[in-house]
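For reference, the structure discussed in these notes is given below.
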Amino acid sequence: MLNYIIRRIGYLFVTLIFVCIIGFVIIELPPGSYLEFEIQRIRLLGGDLGQDQIRALEIQYGVGDPFPVKFWKWISRFVQGDFGESFEYNMPARTLVFARLPFTIIISVLTLVFSWTISIFVGVYSATHRRTVLDYTITTLQFIGLSVPAFLLALVIMVFAQRTLGLHVSGLYSDQYINAPWSWDKFVDLLKHIWVPIVVIGANNTAWLSRVMRSNLLDVLGMQYVQTARSKGLLERRVIWKHAVRNALHPLVMVLGMSLPQIISGETIVAIVLNLPTTGPLYFRALLQQDMYLAASFLMMLAVMLLIGNLFADILLAWLDPRIRFE
Amino acid sequence: MTEAVPTLPREELIAEPVSEVGLMSQWKLMALRFRRNKLAMIGLVGLVVMYIIMALAPFLSPNNYLFQNQDYVSGPPTPIVFRDAQGNFTLRPHAIAISTELDPVAFKFVYARDDEIRHPIKLFVRGDAYSMLGFVKSDLHLFGIEGGARLYPFGADPLGRDMMARVLQGGQISMTIGLVGVAMSIIFGSILGTASGYYGGIVDDIMQRLIEIIASFPTVPLWAALAAALPTTSSTFTPLHRYFLITVILSLVNWTGLARQLRAKVMSYSNSDFTMAALAAGASDARIIFIHMLPNAASHIIVVAALAIPGMILGETSLSFLGLGILPPLVSWGALLKDAQQVSVVIQQPWLIIPGIAVVITVLFFSFLGDGLRDAVDPYSI
Amino acid sequence: MAEKTANGQPPVLSVRDLKTYFYTDLGVSRALNGVNFDVPYGKVMGLVGESGCGKSVTSLSIMRLVPKPGKIVQGSIVYNSGKRVNGQYQVAKAIEMTRLEDNGPEVRAIRGRDMAMIFQEPMTSLNPSYTVGNQVAETIILHQEVSRAEAMNRAIEIVGRVGLANPQDIVKRYPHELSGGMRQRAMVALALSCRPTILFADEPTTALDVTTEAQILDLMRELQDEMGMTIVFITHNLGVVAQICDAVGVMYLGRIVELADVDSIFYDPKHPYTAALLRSIPHVGSRTKARLAPIRGVVPDPYTTISGCPFHPRCDSFMPGVCDAAAPARHDLGDGHIVRCFLYSDEVEVEDNGK
């Protein structure tokens, strides 16, 4: 088991290197550098940068250098924690990224847990109670969850909440708590708000996952060992949960790797509609404004989050399925 | 002790009755199963109808989608009643006129129903000129109001453009981008997936790593980054170029799913007996791949493709919603939804959500279709 | 009311007129269409037939394990539960299996403890996620009031008894670490862990090579003698039947067409189907140039209904007007040798409302 973990971590680092390369390519893709952009903007406003300043900045960001050199300069600074400067906010990109990252992680993890727990139960229920009214209802809800884009769902929920319930559910806190120190009331307020992003982001994932779970369980229920278990005289409930579900979880954990990117993706868009203090809104704005170092830093951190998440998923899979450990 | 068991000459024996099920070919069986699935048929028929509607978009809407009506900025949907100006019930629908007044204090338009004036809605009216599908030029609309007044069944957007026309026109892009993107994914994914599964070894390793790397990036942020890198619209980079490159970007991430599936299939086929038999008979690699493996995997490919289309449509919608996808003057449903980002706006002008409903319906139909195909293709489930 | 069977013991199972149908989208499949037989205590009863004749469904029906969309629509299955006293099987209770609640406590008490089943595919019969020991002990814990530790001890004991070397090591292993033959032995251990009265063996050696097959068959005979167990052995392989069975029921399309002791079946087959089956086996010593004699035609698919005797389209002794008009009833030729064929009796099967 330990061997397996060490091997996976090794893979992680190799993949990380490539991820860095691709991330960097993406920074460099847009034609023209922000530096030129910025210089023009300053000139338009009437100011100017001295030649020395320009040259210093050019050297620092390696504007004239060949590609591999640029990459080296950037990556050596990146691993030391210098993610470059956000041109728009005039701050180190790192400050901005780390200010927003914790909430992204929290919301993503909560959504993952919520989505998975519900999916497993719903999936098992709909597999064992096929063709009942509740099964058809669940199927309908699943189709809705799969077809409605997350941001649309967020909008609809918010409109509904505001018109019918008179609630303002955008953001993570009500106005009075935003800058207040931590207290029990603030925590309760947070809970009142956080269910919206979790439900909205998790809807698509839950719908799809519960269908996969249902289909996996149906496959497993057709397996011989389930009949063996029944022939022993076990309670049906035990047959399903101890024997069948355990094996149906394997392919499910394999797609855990697909849940994470979906959740993070969804979170970035929904954050715009719901006005959440996470990476999403800032990231897209940076892209639109061609604030490339900020954008790239966000993208890289999201990718790193994903890789770590996948590592956990692989370890979980190995723990669940003894066959994988011996590969 | 045993009597000789008497026998009859062979010709006099009766052929045994065989039920039809055992006789059908694989494809006929699949088609039969598919047709029996009501949801799948609803999806199929619904999609065909929608594609026809989108193709005929300019004809079916009462106004041209680009025309900006300064007098009807953010106007509500035209109320339609079945009573004429005299108040008598009639089968012909009538549109109630909306009067426009500028409120000088808040400096925005206020709309009020003017029940006195009712315009009859007629079929086949002459209205704005258009060019349908690029080559049919006409000014005939399926329905509309004659004379100067205009009909806005879905209301108007903040620039006074007819929402119905825009939704129908936007459908042309939103509904085709999925198909084109998936087609690209299929080609790219099949080739790489098959090569990887068949040849194994280094080729497989490289492909696996590549897929893992791509999968390490969250989809929408990656798409956004690539889309942001596209050049701005200019004379050399037309909106159509942009459309095409957006499709490429969307399929760039999507092909991995198909490639992975196909690789698994090909690997399992490689170990199967019919491949061994073909090899033993002297078949070349190409022959084995194209004549033996791919037809077996074909049904699987179709299913995966059908199920990938909703993802593409949602992807384009999200990108355009963010302002990174389809840009004006082209319209897509996502681009239309860009106007509906604020809750306050949506509460006041709920008709701006209509493109979202169109997305949901389309994705729903594709999901039914894909599900139906998947069930039809699996011969062993009851 | 347990009548005595040929060996003077009361039958441990009495099946009468059992009909099990499967209701699918493609139609109704009449898997069992009136099955009648008694299983004598302490013997090996074989059920033979081609694929699709209903032999597996018979044992599943008895253990109430028929999967949906299957249903027992008619018939009676009486399990005479009891124990062996001084060499004689004494019936304590007669249980009507068909009337027990689906998956209810009575059925579950019988499964594993009184009746057990081993299946054809050792690869998939054991749960890949749990150790062998865990799965064998599970049955023991379920039916016997013992601690986990004691259950594991008994598991080790039975695993050793089925011929697996190093049982303490085996119980810690996962199924995928064992070979096919070992897995099948583990399955036997699992089935026998509570010393059931009846063991259903559904093609247990079909997926194994002949050497392993011989070993498993020997094992089953040993354990049967030791535990006084009754075995219902399902197979399509007449060679295995000859090796291990005491009585044989030949099945075709959901009915038993001939039922007799093993010698009568092999040396004095009465039903044309049985005779044809025996003729179709190639045997050592036959003239090398002789053609094999397969049975003409194919087994019809279970969704069709055939008028009259189900075998008549393939039967060399077909009598037009008789065999296609009505189905023959069970006829006892004496000594418990039962046939369903118009060659031996004119009695016609009475159709009842189970159709």
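Convention: chains lettered A, B, ... in structure tokens order; per-chain residue numbering from 1; ligands numbered from 1 as shown.
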
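Using only C-alpha atoms, the chain A residues found within 9 Å of chain C amount to A:Met223, A:Gln224, A:Tyr225, A:Val226, A:Gln227, A:Thr228, A:Ala229, A:Arg230, A:Ser231, A:Lys232, A:Gly233, A:Leu234, A:Leu235, A:Glu236, A:His243, A:Ala244, A:Arg246, A:Asn247, A:Leu320, A:Asp321, A:Pro322, A:Arg323.
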
* Quick one: residues within 10 Å of Pro281 in chain A, only C-alpha atoms counted, chain neighbours fewer than 5 positions away excluded, as a ChimeraX atom specification? -> /A:100,267-276,286 /B:322

Rows by chain and residue number, chain B within 9 Å of chain A, shortest pair, only C-alpha atoms, as a tab-separated table:
```
residue	atom	partner	partner_atom	distance
B:Arg209	CA	A:Thr15	CA	7.5
B:Leu210	CA	A:Thr15	CA	8.9
B:Glu212	CA	A:Thr15	CA	7.6
B:Ile213	CA	A:Thr15	CA	6.1
B:Ile214	CA	A:Val19	CA	8.2
B:Ala215	CA	A:Pro261	CA	7.9
B:Ser216	CA	A:Ala303	CA	5.5
B:Phe217	CA	A:Ala303	CA	4.8
B:Pro218	CA	A:Pro261	CA	4.4
B:Thr219	CA	A:Ser265	CA	6.0
B:Val220	CA	A:Ser265	CA	5.2
B:Pro221	CA	A:Ser265	CA	6.4
B:Leu222	CA	A:Leu299	CA	7.4
B:Ala224	CA	A:Phe284	CA	7.5
B:Ala225	CA	A:Leu287	CA	6.6
B:Leu226	CA	A:Ile26	CA	6.9
B:Ala228	CA	A:Leu287	CA	6.1
B:Ala229	CA	A:Pro30	CA	4.4
B:Leu230	CA	A:Pro30	CA	6.9
B:Pro231	CA	A:Pro30	CA	7.4
B:Pro310	CA	A:Ser147	CA	7.7
B:Leu314	CA	A:Pro149	CA	6.5
B:Thr317	CA	A:Pro149	CA	8.3
B:Ser318	CA	A:Ile269	CA	7.6
B:Leu322	CA	A:Phe284	CA	7.6
B:Gly323	CA	A:Leu288	CA	8.2
B:Leu324	CA	A:Leu288	CA	7.8
B:Leu337	CA	A:Leu152	CA	8.9
B:Ala340	CA	A:Leu155	CA	8.6
B:Gln341	CA	A:Val273	CA	6.2
B:Gln342	CA	A:Val273	CA	6.9
B:Val343	CA	A:Val159	CA	6.2
B:Ser344	CA	A:Val159	CA	8.2
B:Val346	CA	A:Val159	CA	7.4
B:Ile347	CA	A:Val159	CA	6.5
B:Ile353	CA	A:Leu152	CA	8.3
B:Gly356	CA	A:Leu152	CA	6.8
B:Ile357	CA	A:Val148	CA	8.4
B:Val359	CA	A:Val148	CA	7.6
B:Val360	CA	A:Ser147	CA	5.1
B:Ile361	CA	A:Ser147	CA	7.6
B:Thr362	CA	A:Ser147	CA	8.2
B:Val363	CA	A:Ser147	CA	5.2
B:Leu364	CA	A:Ser147	CA	5.5
B:Ser367	CA	A:Phe143	CA	7.5
B:Phe368	CA	A:Phe143	CA	8.5
```

Could you please take those selected residues and save N, CA and C atoms as a compact mmCIF listing (two decimals), in the first residue's frame?
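This is the output file part.txt:
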```
# COMPACT_ATOMS: atom_id res chain seq x y z
N ARG B 209 -0.46 9.81 -20.23
CA ARG B 209 0.07 10.99 -19.53
C ARG B 209 -0.58 12.24 -20.07
N LEU B 210 -0.68 12.29 -21.39
CA LEU B 210 -1.27 13.48 -22.01
C LEU B 210 -2.70 13.68 -21.52
N GLU B 212 -4.01 12.56 -18.79
CA GLU B 212 -4.00 12.95 -17.37
C GLU B 212 -3.70 14.41 -17.20
N ILE B 213 -2.73 14.90 -18.01
CA ILE B 213 -2.35 16.31 -17.88
C ILE B 213 -3.53 17.20 -18.23
N ILE B 214 -4.17 16.88 -19.36
CA ILE B 214 -5.30 17.70 -19.75
C ILE B 214 -6.39 17.63 -18.70
N ALA B 215 -6.57 16.44 -18.15
CA ALA B 215 -7.64 16.29 -17.16
C ALA B 215 -7.30 16.94 -15.84
N SER B 216 -6.04 17.38 -15.66
CA SER B 216 -5.70 18.03 -14.40
C SER B 216 -6.22 19.44 -14.33
N PHE B 217 -6.59 19.98 -15.46
CA PHE B 217 -7.11 21.35 -15.44
C PHE B 217 -8.62 21.32 -15.37
N PRO B 218 -9.19 22.15 -14.51
CA PRO B 218 -10.65 22.21 -14.50
C PRO B 218 -11.14 22.74 -15.84
N THR B 219 -12.19 22.11 -16.38
CA THR B 219 -12.59 22.36 -17.76
C THR B 219 -12.87 23.80 -18.10
N VAL B 220 -13.83 24.38 -17.39
CA VAL B 220 -14.23 25.73 -17.79
C VAL B 220 -13.09 26.74 -17.67
N PRO B 221 -12.34 26.73 -16.58
CA PRO B 221 -11.21 27.67 -16.54
C PRO B 221 -10.21 27.46 -17.68
N LEU B 222 -10.02 26.19 -18.06
CA LEU B 222 -9.08 25.94 -19.15
C LEU B 222 -9.63 26.50 -20.47
N ALA B 224 -11.72 28.82 -20.77
CA ALA B 224 -11.72 30.28 -20.68
C ALA B 224 -10.34 30.83 -21.03
N ALA B 225 -9.32 30.18 -20.50
CA ALA B 225 -7.97 30.67 -20.77
C ALA B 225 -7.65 30.59 -22.25
N LEU B 226 -8.02 29.47 -22.88
CA LEU B 226 -7.74 29.32 -24.31
C LEU B 226 -8.56 30.30 -25.13
N ALA B 228 -9.69 33.15 -24.18
CA ALA B 228 -9.21 34.52 -23.98
C ALA B 228 -8.00 34.80 -24.85
N ALA B 229 -7.33 33.72 -25.25
CA ALA B 229 -6.13 33.91 -26.07
C ALA B 229 -6.46 34.12 -27.53
N LEU B 230 -7.73 33.94 -27.89
CA LEU B 230 -8.08 34.11 -29.30
C LEU B 230 -7.99 35.59 -29.67
N PRO B 231 -7.57 35.84 -30.88
CA PRO B 231 -7.47 37.25 -31.30
C PRO B 231 -8.84 37.92 -31.31
N PRO B 310 -24.46 17.16 -24.92
CA PRO B 310 -24.93 18.13 -23.92
C PRO B 310 -23.78 18.88 -23.25
N LEU B 314 -23.48 22.90 -23.15
CA LEU B 314 -23.36 23.63 -21.89
C LEU B 314 -22.04 24.38 -21.82
N THR B 317 -22.37 27.47 -23.89
CA THR B 317 -23.25 28.39 -23.20
C THR B 317 -22.50 29.10 -22.09
N SER B 318 -21.76 28.33 -21.30
CA SER B 318 -21.02 28.94 -20.20
C SER B 318 -19.99 29.94 -20.71
N LEU B 322 -19.89 34.07 -20.16
CA LEU B 322 -18.80 34.82 -19.54
C LEU B 322 -18.24 35.89 -20.45
N GLY B 323 -18.68 35.87 -21.71
CA GLY B 323 -18.17 36.85 -22.64
C GLY B 323 -16.92 36.38 -23.36
N LEU B 324 -16.63 35.10 -23.26
CA LEU B 324 -15.41 34.59 -23.89
C LEU B 324 -15.70 33.70 -25.09
N LEU B 337 -27.73 35.06 -22.77
CA LEU B 337 -27.89 35.02 -21.32
C LEU B 337 -26.95 35.98 -20.62
N ALA B 340 -28.46 38.53 -18.72
CA ALA B 340 -29.27 38.16 -17.56
C ALA B 340 -28.41 37.76 -16.39
N GLN B 341 -27.31 38.45 -16.16
CA GLN B 341 -26.41 38.04 -15.10
C GLN B 341 -26.82 38.53 -13.72
N GLN B 342 -27.59 39.59 -13.67
CA GLN B 342 -27.95 40.14 -12.37
C GLN B 342 -29.35 39.73 -11.96
N VAL B 343 -29.50 39.45 -10.68
CA VAL B 343 -30.81 39.04 -10.20
C VAL B 343 -31.83 40.16 -10.39
N SER B 344 -31.40 41.38 -10.14
CA SER B 344 -32.33 42.50 -10.25
C SER B 344 -32.85 42.63 -11.68
N VAL B 346 -33.05 40.22 -13.87
CA VAL B 346 -33.92 39.09 -14.19
C VAL B 346 -35.31 39.27 -13.58
N ILE B 347 -35.35 39.84 -12.40
CA ILE B 347 -36.67 40.04 -11.79
C ILE B 347 -37.50 41.01 -12.60
N ILE B 353 -34.59 35.22 -19.66
CA ILE B 353 -34.19 33.86 -19.29
C ILE B 353 -34.56 32.85 -20.37
N GLY B 356 -32.21 30.43 -21.76
CA GLY B 356 -31.83 29.38 -20.82
C GLY B 356 -32.79 28.20 -20.90
N ILE B 357 -34.08 28.51 -21.06
CA ILE B 357 -35.07 27.44 -21.19
C ILE B 357 -34.77 26.63 -22.44
N VAL B 359 -31.89 26.14 -23.78
CA VAL B 359 -30.74 25.28 -23.50
C VAL B 359 -31.19 24.03 -22.75
N VAL B 360 -32.01 24.25 -21.71
CA VAL B 360 -32.45 23.12 -20.89
C VAL B 360 -33.20 22.10 -21.74
N ILE B 361 -34.10 22.59 -22.57
CA ILE B 361 -34.89 21.67 -23.40
C ILE B 361 -33.98 20.88 -24.34
N THR B 362 -33.05 21.60 -24.98
CA THR B 362 -32.16 20.90 -25.92
C THR B 362 -31.34 19.84 -25.21
N VAL B 363 -30.74 20.23 -24.08
CA VAL B 363 -29.90 19.26 -23.36
C VAL B 363 -30.74 18.08 -22.89
N LEU B 364 -31.95 18.36 -22.45
CA LEU B 364 -32.84 17.30 -22.01
C LEU B 364 -33.10 16.31 -23.14
N SER B 367 -30.14 14.28 -23.80
CA SER B 367 -29.94 13.28 -22.75
C SER B 367 -30.86 12.09 -22.96
N PHE B 368 -32.11 12.36 -23.29
CA PHE B 368 -33.04 11.25 -23.56
C PHE B 368 -32.50 10.40 -24.70
```

* To do: Determine which residues of range 47-217 of chain A receive a DSSP assignment of strand (DSSP E or B), computed from the backbone, and state them as a VMD selection string.
  => chain A and resid 85 to 86 91 to 92

Written selection (C-alpha atoms) as a compact mmCIF listing (two decimals), in the first residue's frame:
```
# COMPACT_ATOMS: atom_id res chain seq x y z
CA GLU A 85 2.40 40.79 -10.37
CA SER A 86 -1.20 41.56 -11.08
CA MET A 91 -0.36 43.64 -6.07
CA PRO A 92 1.56 40.42 -6.02
```

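For chain C, the residues close to chain B, meaning within 7 Å and counting only C-alpha atoms, are Thr24, Asp268, Pro300, Thr304, Pro313, Asp316 and Ser317 of chain C.
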
* Name all residues at most 9 Å from Lys55 in chain C (count only C-alpha atoms; drop same-chain ones fewer than 2 positions away) and give them as a PyMOL selection string. => chain C and resi 31-32+47-53+57-60+202+234-235+251-252+254

Serialized selection, C-alpha atoms, as a PDB file, in the first residue's frame:
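Result went into selection-v2.pdb, see below:
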```
ATOM      1  CA  ALA C  31     -38.664 -21.723 -17.750  1.00  0.00           C
ATOM      2  CA  LEU C  32     -40.324 -24.427 -15.656  1.00  0.00           C
ATOM      3  CA  LEU C  47     -30.616 -32.944 -13.260  1.00  0.00           C
ATOM      4  CA  VAL C  48     -29.447 -33.095 -16.860  1.00  0.00           C
ATOM      5  CA  GLY C  49     -30.392 -31.320 -20.020  1.00  0.00           C
ATOM      6  CA  GLU C  50     -29.179 -28.924 -22.684  1.00  0.00           C
ATOM      7  CA  SER C  51     -28.765 -25.208 -21.992  1.00  0.00           C
ATOM      8  CA  GLY C  52     -32.036 -23.499 -21.358  1.00  0.00           C
ATOM      9  CA  CYS C  53     -33.974 -26.582 -20.240  1.00  0.00           C
ATOM     10  CA  VAL C  57     -34.094 -22.458 -12.468  1.00  0.00           C
ATOM     11  CA  THR C  58     -35.315 -25.562 -10.659  1.00  0.00           C
ATOM     12  CA  SER C  59     -32.751 -25.296  -7.906  1.00  0.00           C
ATOM     13  CA  LEU C  60     -33.155 -21.518  -7.732  1.00  0.00           C
ATOM     14  CA  ASP C 202     -25.092 -25.927 -10.337  1.00  0.00           C
ATOM     15  CA  ILE C 234     -27.060 -29.982 -12.130  1.00  0.00           C
ATOM     16  CA  THR C 235     -25.067 -30.535 -15.282  1.00  0.00           C
ATOM     17  CA  MET C 251     -35.117 -32.166 -18.409  1.00  0.00           C
ATOM     18  CA  TYR C 252     -36.321 -30.634 -21.637  1.00  0.00           C
ATOM     19  CA  GLY C 254     -39.012 -26.890 -18.441  1.00  0.00           C
TER      20      GLY C 254
END
```

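Distance-wise, CA of Asn254 in chain B and CA of Ala308 in chain B end up 7.8 Å apart.
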
* Between CA of Gly87 in chain C and CA of Asp335 in chain C, distance in Å (one decimal) -> 22.9 Å

* Which polymer residues have any atom within 8 Å of an atom of range 142-147 of chain B, counting only C-alpha atoms, with same-chain residues fewer than 5 positions away left out, as a VMD selection string? -> chain B and resid 59 to 62 119 to 127

Selection export as a tab-separated table (two decimals), in the first residue's frame, atoms kept: N, CA and C atoms:
```tsv
chain	number	residue	atom	x	y	z
B	59	PHE	N	-37.53	32.98	-40.95
B	59	PHE	CA	-38.88	32.92	-41.47
B	59	PHE	C	-39.89	32.84	-40.33
B	60	LEU	N	-39.51	32.12	-39.28
B	60	LEU	CA	-40.46	31.86	-38.21
B	60	LEU	C	-40.62	33.02	-37.24
B	61	SER	N	-39.67	33.94	-37.21
B	61	SER	CA	-39.82	35.04	-36.26
B	61	SER	C	-40.36	36.27	-36.96
B	62	PRO	N	-41.10	37.08	-36.22
B	62	PRO	CA	-41.75	38.23	-36.87
B	62	PRO	C	-40.81	39.37	-37.21
B	119	HIS	N	-53.89	44.88	-32.73
B	119	HIS	CA	-53.48	44.55	-34.09
B	119	HIS	C	-53.73	43.08	-34.35
B	120	PRO	N	-54.42	42.78	-35.44
B	120	PRO	CA	-54.61	41.36	-35.76
B	120	PRO	C	-53.29	40.75	-36.23
B	121	ILE	N	-53.06	39.54	-35.77
B	121	ILE	CA	-51.85	38.84	-36.20
B	121	ILE	C	-52.19	37.99	-37.41
B	122	LYS	N	-51.47	38.22	-38.49
B	122	LYS	CA	-51.79	37.50	-39.71
B	122	LYS	C	-50.68	36.54	-40.07
B	123	LEU	N	-51.04	35.59	-40.90
B	123	LEU	CA	-50.04	34.64	-41.38
B	123	LEU	C	-49.41	35.16	-42.65
B	124	PHE	N	-48.19	34.79	-42.84
B	124	PHE	CA	-47.44	35.11	-44.07
B	124	PHE	C	-47.45	36.59	-44.37
B	125	VAL	N	-46.87	37.36	-43.48
B	125	VAL	CA	-46.79	38.79	-43.72
B	125	VAL	C	-45.42	39.15	-44.26
B	126	ARG	N	-45.37	40.27	-44.90
B	126	ARG	CA	-44.08	40.78	-45.38
B	126	ARG	C	-43.50	41.66	-44.30
B	127	GLY	N	-42.25	41.46	-43.99
B	127	GLY	CA	-41.66	42.27	-42.92
B	127	GLY	C	-40.21	42.58	-43.23
```
